[in-house]
$ cat protein_18.txt   # compact mmCIF, C-alpha atoms
# COMPACT_ATOMS: atom_id res chain seq x y z
CA MET B 1 44.45 -88.41 -6.84
CA LEU B 2 43.05 -84.93 -7.40
CA THR B 3 45.30 -82.50 -9.20
CA HIS B 4 43.74 -79.63 -7.21
CA ARG B 5 44.85 -78.84 -3.68
CA ILE B 6 41.71 -77.98 -1.87
CA MET B 7 39.83 -77.40 1.38
CA THR B 8 39.62 -79.82 4.27
CA SER B 9 37.01 -79.85 6.99
CA VAL B 10 37.82 -81.58 10.22
CA ILE B 11 35.73 -82.18 13.28
CA ILE B 12 37.74 -82.40 16.47
CA GLY B 13 35.90 -82.49 19.75
CA ALA B 14 34.15 -79.21 19.12
CA TYR B 15 33.46 -79.90 15.54
CA VAL B 16 36.43 -77.89 14.43
CA VAL B 17 36.45 -77.84 10.65
CA LEU B 18 39.84 -77.73 9.00
CA LEU B 19 40.16 -76.34 5.49
CA ILE B 20 43.25 -76.84 3.35
CA ALA B 21 43.70 -74.47 0.44
CA PRO B 22 45.72 -74.27 -2.75
CA VAL B 23 47.50 -71.11 -1.76
CA SER B 24 51.25 -71.12 -1.46
CA PRO B 25 52.34 -71.94 1.15
CA LYS B 26 49.48 -74.30 1.95
CA SER B 27 46.60 -72.64 3.82
CA VAL B 28 44.69 -74.55 6.47
CA VAL B 29 41.32 -73.14 7.56
CA CYS B 30 39.62 -74.46 10.70
CA TYR B 31 35.96 -74.06 11.55
CA PHE B 32 35.20 -73.75 15.25
CA LEU B 33 31.58 -74.61 16.06
CA ASN B 34 30.33 -72.65 19.04
CA TRP B 35 27.81 -75.18 20.36
CA ALA B 36 30.52 -77.70 21.28
CA GLN B 37 30.89 -75.87 24.60
CA TYR B 38 27.72 -77.66 25.74
CA ARG B 39 29.04 -81.19 25.38
CA PRO B 40 29.50 -83.10 28.63
CA ALA B 41 32.98 -83.31 30.13
CA PRO B 42 35.52 -84.31 28.98
CA CYS B 43 34.13 -83.68 25.48
CA SER B 44 33.36 -79.97 25.87
CA HIS B 45 35.39 -77.74 23.56
CA THR B 46 35.76 -73.96 23.73
CA VAL B 47 37.93 -71.32 22.11
CA ARG B 48 40.44 -71.80 24.93
CA ASN B 49 41.10 -75.32 23.58
CA ILE B 50 42.18 -74.05 20.14
CA ASN B 51 45.81 -74.25 19.06
CA PRO B 52 46.20 -71.17 16.80
CA PHE B 53 49.25 -72.68 15.14
CA LEU B 54 47.27 -75.65 13.81
CA CYS B 55 45.62 -73.57 11.08
CA THR B 56 46.39 -70.50 9.01
CA HIS B 57 42.76 -69.31 9.16
CA GLY B 58 40.03 -69.84 11.75
CA VAL B 59 36.31 -69.53 11.00
CA TYR B 60 33.97 -68.93 13.94
CA ALA B 61 30.68 -70.75 13.30
CA PHE B 62 28.01 -69.68 13.40
CA SER B 63 26.38 -66.29 13.56
CA LYS B 64 22.89 -65.64 12.19
CA LEU B 65 20.94 -63.07 10.23
CA ASP B 66 18.60 -60.86 12.22
CA GLY B 67 16.90 -58.88 9.50
CA ASN B 68 19.73 -57.47 7.41
CA ARG B 69 22.32 -57.61 10.17
CA ILE B 70 24.54 -60.29 11.65
CA ALA B 71 23.73 -61.33 15.22
CA PRO B 72 25.30 -63.84 17.63
CA THR B 73 23.75 -67.26 18.15
CA GLU B 74 25.09 -68.08 21.62
CA TRP B 75 24.75 -66.06 24.83
CA ASN B 76 28.53 -65.77 25.22
CA ASP B 77 29.50 -64.99 21.63
CA ASP B 78 29.62 -61.20 21.92
CA THR B 79 30.04 -60.56 25.64
CA PRO B 80 33.09 -58.42 26.52
CA THR B 81 35.19 -61.46 27.40
CA GLY B 82 33.16 -63.96 25.36
CA GLN B 83 34.04 -66.30 22.55
CA TRP B 84 34.30 -63.73 19.74
CA ARG B 85 36.84 -61.80 21.78
CA GLN B 86 38.71 -64.95 22.84
CA PHE B 87 38.75 -66.16 19.24
CA ASN B 88 40.38 -63.00 17.95
CA ASP B 89 42.75 -62.85 20.92
CA LEU B 90 44.31 -66.03 19.51
CA LYS B 91 46.15 -63.64 17.17
CA LYS B 92 48.09 -62.40 20.19
CA ILE B 93 49.55 -65.90 20.41
CA ASN B 94 50.01 -66.32 16.64
CA PRO B 95 49.99 -62.94 14.84
CA ASN B 96 49.79 -64.72 11.47
CA PHE B 97 46.50 -66.40 12.35
CA LYS B 98 43.53 -64.99 10.35
CA THR B 99 39.97 -65.07 11.67
CA LEU B 100 36.63 -65.03 9.86
CA LEU B 101 33.07 -64.96 11.15
CA SER B 102 30.67 -67.38 9.48
CA VAL B 103 27.01 -66.49 9.03
CA GLY B 104 24.44 -69.15 8.28
CA GLY B 105 24.92 -72.90 8.36
CA TYR B 106 22.55 -75.76 7.61
CA LEU B 107 20.23 -75.18 10.58
CA HIS B 108 20.01 -71.46 9.78
CA GLY B 109 18.11 -72.17 6.57
CA SER B 110 18.02 -70.13 3.39
CA TYR B 111 15.00 -67.84 3.71
CA ARG B 112 16.68 -65.13 5.79
CA PHE B 113 19.48 -64.96 3.20
CA HIS B 114 16.89 -64.71 0.43
CA LEU B 115 15.17 -61.77 2.13
CA MET B 116 18.43 -59.94 2.84
CA ALA B 117 19.95 -60.41 -0.60
CA LYS B 118 16.91 -59.69 -2.80
CA THR B 119 17.16 -55.88 -2.74
CA GLN B 120 20.04 -53.47 -3.07
CA ALA B 121 18.91 -51.55 0.02
CA ASN B 122 18.88 -54.70 2.15
CA ARG B 123 22.28 -55.75 0.87
CA ALA B 124 23.70 -52.29 1.58
CA GLU B 125 22.52 -52.44 5.19
CA PHE B 126 23.99 -55.92 5.57
CA ILE B 127 27.34 -54.92 4.10
CA SER B 128 27.82 -51.68 6.04
CA SER B 129 26.79 -53.24 9.36
CA THR B 130 28.95 -56.29 8.70
CA ILE B 131 32.04 -54.20 8.04
CA ALA B 132 31.48 -52.35 11.33
CA LEU B 133 30.98 -55.61 13.23
CA LEU B 134 34.02 -57.34 11.76
CA ARG B 135 36.30 -54.39 12.43
CA ASN B 136 34.91 -53.86 15.94
CA TRP B 137 35.66 -57.45 16.95
CA SER B 138 38.93 -57.66 14.91
CA PHE B 139 37.79 -60.38 12.52
CA ASP B 140 39.76 -60.54 9.26
CA GLY B 141 36.86 -61.54 7.06
CA LEU B 142 33.38 -62.94 6.49
CA ASP B 143 32.29 -66.46 5.59
CA ILE B 144 28.86 -66.93 3.97
CA ASP B 145 27.27 -70.34 4.49
CA TRP B 146 23.95 -69.95 2.64
CA GLU B 147 22.37 -73.40 2.39
CA TYR B 148 21.23 -73.00 -0.33
CA PRO B 149 20.59 -70.25 -2.87
CA GLY B 150 17.66 -71.29 -5.06
CA ASN B 151 15.74 -73.01 -2.27
CA ASP B 152 13.38 -70.03 -1.97
CA SER B 153 13.56 -68.45 -5.42
CA PRO B 154 15.29 -69.15 -8.75
CA ASP B 155 16.48 -65.54 -8.52
CA ASP B 156 18.67 -66.36 -5.50
CA MET B 157 21.61 -67.14 -7.78
CA SER B 158 21.60 -63.59 -9.12
CA TYR B 159 20.96 -62.17 -5.63
CA LEU B 160 24.05 -63.98 -4.34
CA THR B 161 26.08 -62.74 -7.29
CA GLU B 162 25.10 -59.14 -6.55
CA LEU B 163 25.81 -59.60 -2.85
CA LEU B 164 29.31 -60.94 -3.50
CA LYS B 165 30.07 -58.21 -6.01
CA GLU B 166 28.95 -55.48 -3.63
CA LEU B 167 30.76 -57.07 -0.69
CA ARG B 168 34.00 -57.20 -2.64
CA GLU B 169 33.68 -53.57 -3.76
CA ALA B 170 32.78 -52.35 -0.26
CA PHE B 171 35.59 -54.31 1.40
CA HIS B 172 38.04 -52.84 -1.11
CA GLN B 173 36.87 -49.27 -0.57
CA GLU B 174 36.89 -49.70 3.21
CA SER B 175 40.48 -50.95 3.13
CA ILE B 176 41.53 -47.82 1.25
CA SER B 177 39.81 -45.45 3.66
CA SER B 178 40.94 -47.33 6.78
CA LYS B 179 44.43 -48.09 5.45
CA ARG B 180 44.00 -51.69 6.61
CA SER B 181 44.21 -55.01 4.81
CA PRO B 182 41.00 -55.79 2.89
CA LEU B 183 38.53 -58.00 4.70
CA LEU B 184 38.41 -61.52 3.27
CA VAL B 185 35.35 -63.13 1.68
CA SER B 186 34.77 -66.88 1.76
CA VAL B 187 31.74 -68.94 0.73
CA ALA B 188 30.78 -72.50 1.63
CA VAL B 189 29.19 -74.20 -1.39
CA ALA B 190 27.25 -77.37 -2.09
CA SER B 191 28.84 -80.63 -3.15
CA GLY B 192 25.83 -81.94 -5.05
CA VAL B 193 26.06 -80.86 -8.68
CA TRP B 194 22.25 -80.78 -8.97
CA GLN B 195 22.19 -78.25 -6.11
CA ALA B 196 25.23 -76.26 -7.17
CA SER B 197 23.99 -75.81 -10.73
CA SER B 198 20.86 -74.02 -9.46
CA SER B 199 22.64 -72.09 -6.69
CA TYR B 200 25.84 -70.52 -8.01
CA ASN B 201 27.16 -68.40 -10.81
CA VAL B 202 30.58 -70.02 -10.65
CA THR B 203 32.21 -67.16 -12.56
CA SER B 204 31.13 -64.76 -9.81
CA LEU B 205 32.56 -67.07 -7.15
CA ASP B 206 35.86 -67.01 -8.97
CA GLN B 207 35.78 -63.24 -9.45
CA TYR B 208 34.62 -61.98 -6.05
CA VAL B 209 35.51 -64.64 -3.45
CA ASP B 210 38.90 -65.28 -1.85
CA MET B 211 38.22 -68.83 -0.67
CA VAL B 212 35.53 -71.27 -1.82
CA TYR B 213 34.85 -74.09 0.62
CA VAL B 214 33.36 -77.02 -1.30
CA MET B 215 31.45 -79.16 1.19
CA THR B 216 32.53 -82.49 -0.28
CA TYR B 217 30.95 -84.73 2.32
CA ASP B 218 27.48 -86.01 3.27
CA TYR B 219 27.08 -87.69 -0.11
CA HIS B 220 25.43 -90.50 1.83
CA GLY B 221 23.93 -90.76 5.29
CA SER B 222 21.38 -92.53 7.43
CA TRP B 223 18.51 -90.72 5.70
CA GLN B 224 19.09 -93.50 3.14
CA LYS B 225 18.12 -97.12 3.75
CA THR B 226 21.42 -98.58 2.56
CA THR B 227 24.96 -97.91 3.77
CA GLY B 228 27.15 -95.54 1.78
CA LEU B 229 30.40 -93.63 1.92
CA ASN B 230 30.25 -90.19 3.51
CA ALA B 231 32.80 -88.70 1.11
CA PRO B 232 33.94 -91.12 -1.62
CA MET B 233 36.77 -89.98 -3.85
CA PHE B 234 35.19 -91.78 -6.82
CA SER B 235 31.88 -93.58 -7.39
CA ASN B 236 29.75 -95.25 -10.02
CA ASP B 237 26.92 -92.74 -9.65
CA GLY B 238 28.73 -89.38 -9.76
CA LEU B 239 28.17 -88.67 -6.06
CA ASP B 240 31.82 -88.21 -5.20
CA VAL B 241 34.58 -85.71 -4.55
CA HIS B 242 36.21 -85.98 -7.97
CA SER B 243 32.95 -85.32 -9.83
CA THR B 244 32.12 -82.32 -7.64
CA ILE B 245 35.49 -80.62 -7.97
CA SER B 246 35.57 -81.32 -11.70
CA TRP B 247 32.18 -79.62 -12.08
CA TYR B 248 33.38 -76.45 -10.35
CA THR B 249 36.65 -76.24 -12.28
CA ASN B 250 34.94 -77.04 -15.60
CA ASN B 251 32.55 -74.16 -14.91
CA GLY B 252 35.28 -71.61 -14.34
CA LEU B 253 36.42 -71.81 -10.72
CA ARG B 254 40.18 -71.69 -10.52
CA ALA B 255 41.79 -74.49 -8.54
CA ASP B 256 43.73 -72.04 -6.41
CA LYS B 257 40.45 -70.80 -4.88
CA ILE B 258 39.07 -74.22 -4.04
CA PHE B 259 39.20 -75.71 -0.54
CA LEU B 260 38.28 -79.39 -0.46
CA GLY B 261 35.91 -80.30 2.35
CA ILE B 262 37.00 -83.39 4.26
CA ALA B 263 34.77 -84.20 7.22
CA LEU B 264 36.51 -85.88 10.08
CA TYR B 265 33.28 -87.39 11.28
CA GLY B 266 31.54 -90.54 10.18
CA ARG B 267 28.05 -91.32 8.94
CA THR B 268 26.55 -94.36 10.65
CA TRP B 269 23.83 -96.95 10.15
CA THR B 270 22.26 -99.90 11.94
CA LEU B 271 22.41 -102.89 9.59
CA ALA B 272 19.37 -104.97 8.77
CA ASP B 273 21.56 -108.09 8.67
CA PRO B 274 25.02 -108.01 10.32
CA SER B 275 26.29 -110.57 7.80
CA LEU B 276 25.66 -108.04 4.99
CA ASN B 277 28.18 -105.36 5.91
CA GLY B 278 29.57 -103.86 2.72
CA VAL B 279 28.83 -100.58 0.96
CA GLY B 280 25.18 -100.65 -0.12
CA ALA B 281 24.09 -103.06 2.61
CA PRO B 282 20.45 -102.77 3.79
CA ALA B 283 19.96 -100.70 6.94
CA VAL B 284 17.03 -100.27 9.31
CA ASP B 285 18.05 -97.15 11.21
CA SER B 286 20.75 -94.62 11.98
CA GLY B 287 23.75 -95.82 13.93
CA ILE B 288 23.74 -95.43 17.70
CA ALA B 289 24.78 -92.05 19.13
CA GLY B 290 28.29 -91.47 20.39
CA ASN B 291 29.08 -90.80 24.03
CA CYS B 292 30.26 -87.27 23.24
CA THR B 293 28.38 -86.14 20.14
CA LYS B 294 25.12 -87.79 21.23
CA GLU B 295 23.58 -87.71 17.76
CA LYS B 296 22.30 -90.81 16.02
CA GLY B 297 23.75 -91.28 12.55
CA THR B 298 26.99 -89.37 13.20
CA LEU B 299 30.22 -90.04 15.08
CA ALA B 300 33.14 -87.70 15.56
CA TYR B 301 36.47 -89.05 14.35
CA PHE B 302 37.82 -89.43 17.88
CA GLU B 303 34.78 -91.56 18.72
CA ILE B 304 35.48 -93.73 15.66
CA CYS B 305 39.10 -94.14 16.77
CA ASP B 306 37.86 -95.47 20.11
CA LEU B 307 35.65 -98.01 18.33
CA LEU B 308 38.56 -99.20 16.21
CA ARG B 309 40.99 -99.44 19.11
CA ASN B 310 38.77 -100.71 21.87
CA LYS B 311 35.48 -102.06 20.53
CA GLY B 312 36.57 -104.66 18.00
CA TYR B 313 35.42 -102.94 14.80
CA THR B 314 36.62 -104.36 11.46
CA GLU B 315 38.08 -101.68 9.16
CA THR B 316 38.01 -101.76 5.35
CA LEU B 317 39.11 -99.42 2.54
CA ASP B 318 36.52 -99.31 -0.21
CA TYR B 319 38.29 -99.92 -3.52
CA ILE B 320 36.15 -97.61 -5.65
CA GLY B 321 35.46 -94.81 -3.20
CA GLN B 322 38.90 -94.87 -1.62
CA GLN B 323 37.35 -94.17 1.78
CA LYS B 324 37.24 -96.23 4.95
CA TYR B 325 34.30 -97.97 6.55
CA ALA B 326 34.11 -100.17 9.64
CA TYR B 327 31.53 -102.45 11.23
CA ASN B 328 30.84 -104.49 14.33
CA GLY B 329 27.65 -106.48 14.72
CA ASP B 330 24.83 -104.36 13.34
CA GLN B 331 26.75 -101.04 13.57
CA TRP B 332 28.38 -99.53 10.45
CA VAL B 333 30.30 -96.28 9.91
CA SER B 334 32.08 -94.61 6.96
CA TYR B 335 34.80 -91.98 7.49
CA ASP B 336 38.12 -90.53 6.36
CA ASP B 337 41.44 -91.26 8.06
CA LYS B 338 45.09 -90.53 7.32
CA GLN B 339 45.26 -93.09 4.50
CA SER B 340 42.19 -91.81 2.65
CA LEU B 341 43.17 -88.17 3.22
CA ASN B 342 46.52 -88.86 1.59
CA ILE B 343 44.65 -90.10 -1.47
CA LYS B 344 42.66 -86.85 -1.61
CA SER B 345 45.58 -84.51 -1.00
$ encode --input "protein_18.txt" --output "structure tokens"
Amino acid sequence: MLTHRIMTSVIIGAYVVLLIAPVSPKSVVCYFLNWAQYRPAPCSHTVRNINPFLCTHGVYAFSKLDGNRIAPTEWNDDTPTGQWRQFNDLKKINPNFKTLLSVGGYLHGSYRFHLMAKTQANRAEFISSTIALLRNWSFDGLDIDWEYPGNDSPDDMSYLTELLKELREAFHQESISSKRSPLLVSVAVASGVWQASSSYNVTSLDQYVDMVYVMTYDYHGSWQKTTGLNAPMFSNDGLDVHSTISWYTNNGLRADKIFLGIALYGRTWTLADPSLNGVGAPAVDSGIAGNCTKEKGTLAYFEICDLLRNKGYTETLDYIGQQKYAYNGDQWVSYDDKQSLNIKS
């Protein structure tokens, strides 16, 4: 069991990501993904479906960079009664609920971040416009999901460090002048040590960031030709939660800033031979798409629950990885559930 209490990411219907932090009392941060509104009924999920008492913090994902400024990604993000407004109105129901706006994400790519962060003038425009946007829409902070610094230039690590330093200083000065609580800064970071070591100055993360979301999932997936655990606690190859968190703490990130990413979705495969159904079994393709998520290779947790309850899947806890997997015929999925989450908590 990890000695650090860390972030959790959960996908519920709308791909809501839940993040559990080491703050006292325990903080729970939920990502709401704005494209889930387009899923077919009854799977569609909007801000109106969010229980603001489930989490201490909510992160609206995603916005994008348009030059050096943040811009919405969906047509109804920033309309007068749209999802940004609805998201922040959740604080009328739970005044203790904190909201952040996330910029980036995997599909956003890294190049726009590289261009914005490489000069002081670009960063200054980004920071000043971001403060105005966050305050205008009543967000409590900013989440940066740059995947990944270093993909476009080895200097990205230093660019990110400067960006975080300047963000922290500007947020502090703005709080003094506005007499309001300082805006929060969070960063989503890579789980792969090979990626993290070329992306982050961990000391700067510790110094300038309030919450560090370690994306401890997607260690294995259907891009590989053998089955594997999505988020193993331990492994024989170092691709696991324990190794990732140990790397960050050994490099200077305090445990009380770490949020452990736990994806409540599964990674799926189609087996080459249904009789070979353990971890590392040969696979010929991604698993079939779910009825709601409609994406080969991935199933939301609620879709996995339906398979276990109604479709005759056999469930197993992997002894080394301490994570679940299940199979039926040539279909195979790995995922976290209550038992494996208890091991990680």
$ closest_residue --input "protein_18.txt" --among "B:Ser334, B:Asn342, B:Ser128, B:Ser158" --to "Ala263 in chain B" --atoms "all atoms listed in the file"
B:Ser334
$ residues_around --input "protein_18.txt" --residues "range 248-252 of chain B" --least-positions-apart "3" --cutoff "8 Å" --atoms "only C-alpha atoms" --output "list in words"
Val202, Thr203, Asp206, Thr244, Ile245 and Ala255 of chain B
$ closest_residue --input "protein_18.txt" --among "B:Ala124, B:Leu183, B:Val103, B:Ala231" --to "Ile70 in chain B" --atoms "only C-alpha atoms"
B:Val103
$ closest_residue --input "protein_18.txt" --among "B:Ser345, B:Gln323, B:Asn151, B:Asn34" --to "Ala61 in chain B" --atoms "all atoms listed in the file"
B:Asn34
$ closest_atom_pairs --input "protein_18.txt" --of "range 5-119 of chain B" --to "range 276-292 of chain B" --cutoff "9 Å" --atoms "all atoms listed in the file" --output "Markdown table"
| residue | atom | partner | partner_atom | distance |
| --- | --- | --- | --- | --- |
| B:Gly13 | CA | B:Cys292 | CA | 8.2 |
| B:Arg39 | CA | B:Cys292 | CA | 6.6 |
| B:Pro40 | CA | B:Cys292 | CA | 6.9 |
| B:Ala41 | CA | B:Cys292 | CA | 8.4 |
| B:Pro42 | CA | B:Cys292 | CA | 8.3 |
| B:Cys43 | CA | B:Cys292 | CA | 5.7 |
| B:Ser44 | CA | B:Cys292 | CA | 8.4 |
$ atom_distance --input "protein_18.txt" --atom1 "CA of Tyr313 in chain B" --atom2 "CA of Arg267 in chain B"
15.0 Å
$ atom_distance --input "protein_18.txt" --atom1 "CA of Ala300 in chain B" --atom2 "CA of Tyr60 in chain B"
18.9 Å
$ residues_near_point --input "protein_18.txt" --point "(18.4, -62.9, 4.4)" --cutoff "10 Å" --atoms "all atoms listed in the file" --output "PDB file with C-alpha atoms, keeping the file's coordinate frame"
ATOM      1  CA  LYS B  64      22.890 -65.640  12.190  1.00  0.00           C
ATOM      2  CA  LEU B  65      20.940 -63.070  10.230  1.00  0.00           C
ATOM      3  CA  ASP B  66      18.600 -60.860  12.220  1.00  0.00           C
ATOM      4  CA  GLY B  67      16.900 -58.880   9.500  1.00  0.00           C
ATOM      5  CA  ASN B  68      19.730 -57.470   7.410  1.00  0.00           C
ATOM      6  CA  ARG B  69      22.320 -57.610  10.170  1.00  0.00           C
ATOM      7  CA  ILE B  70      24.540 -60.290  11.650  1.00  0.00           C
ATOM      8  CA  GLY B 104      24.440 -69.150   8.280  1.00  0.00           C
ATOM      9  CA  GLY B 109      18.110 -72.170   6.570  1.00  0.00           C
ATOM     10  CA  SER B 110      18.020 -70.130   3.390  1.00  0.00           C
ATOM     11  CA  TYR B 111      15.000 -67.840   3.710  1.00  0.00           C
ATOM     12  CA  ARG B 112      16.680 -65.130   5.790  1.00  0.00           C
ATOM     13  CA  PHE B 113      19.480 -64.960   3.200  1.00  0.00           C
ATOM     14  CA  HIS B 114      16.890 -64.710   0.430  1.00  0.00           C
ATOM     15  CA  LEU B 115      15.170 -61.770   2.130  1.00  0.00           C
ATOM     16  CA  MET B 116      18.430 -59.940   2.840  1.00  0.00           C
ATOM     17  CA  ALA B 117      19.950 -60.410  -0.600  1.00  0.00           C
ATOM     18  CA  LYS B 118      16.910 -59.690  -2.800  1.00  0.00           C
ATOM     19  CA  ASN B 122      18.880 -54.700   2.150  1.00  0.00           C
ATOM     20  CA  ARG B 123      22.280 -55.750   0.870  1.00  0.00           C
ATOM     21  CA  PHE B 126      23.990 -55.920   5.570  1.00  0.00           C
ATOM     22  CA  TRP B 146      23.950 -69.950   2.640  1.00  0.00           C
TER      23      TRP B 146
END
$ closest_residue --input "protein_18.txt" --among "B:Gln207, B:Thr216, B:Asn136, B:Thr270" --to "Val333 in chain B" --atoms "all atoms listed in the file"
B:Thr270
$ closest_residue --input "protein_18.txt" --among "B:Thr268, B:Thr316, B:Gln331, B:Asn236" --to "Tyr301 in chain B" --atoms "only C-alpha atoms"
B:Thr268
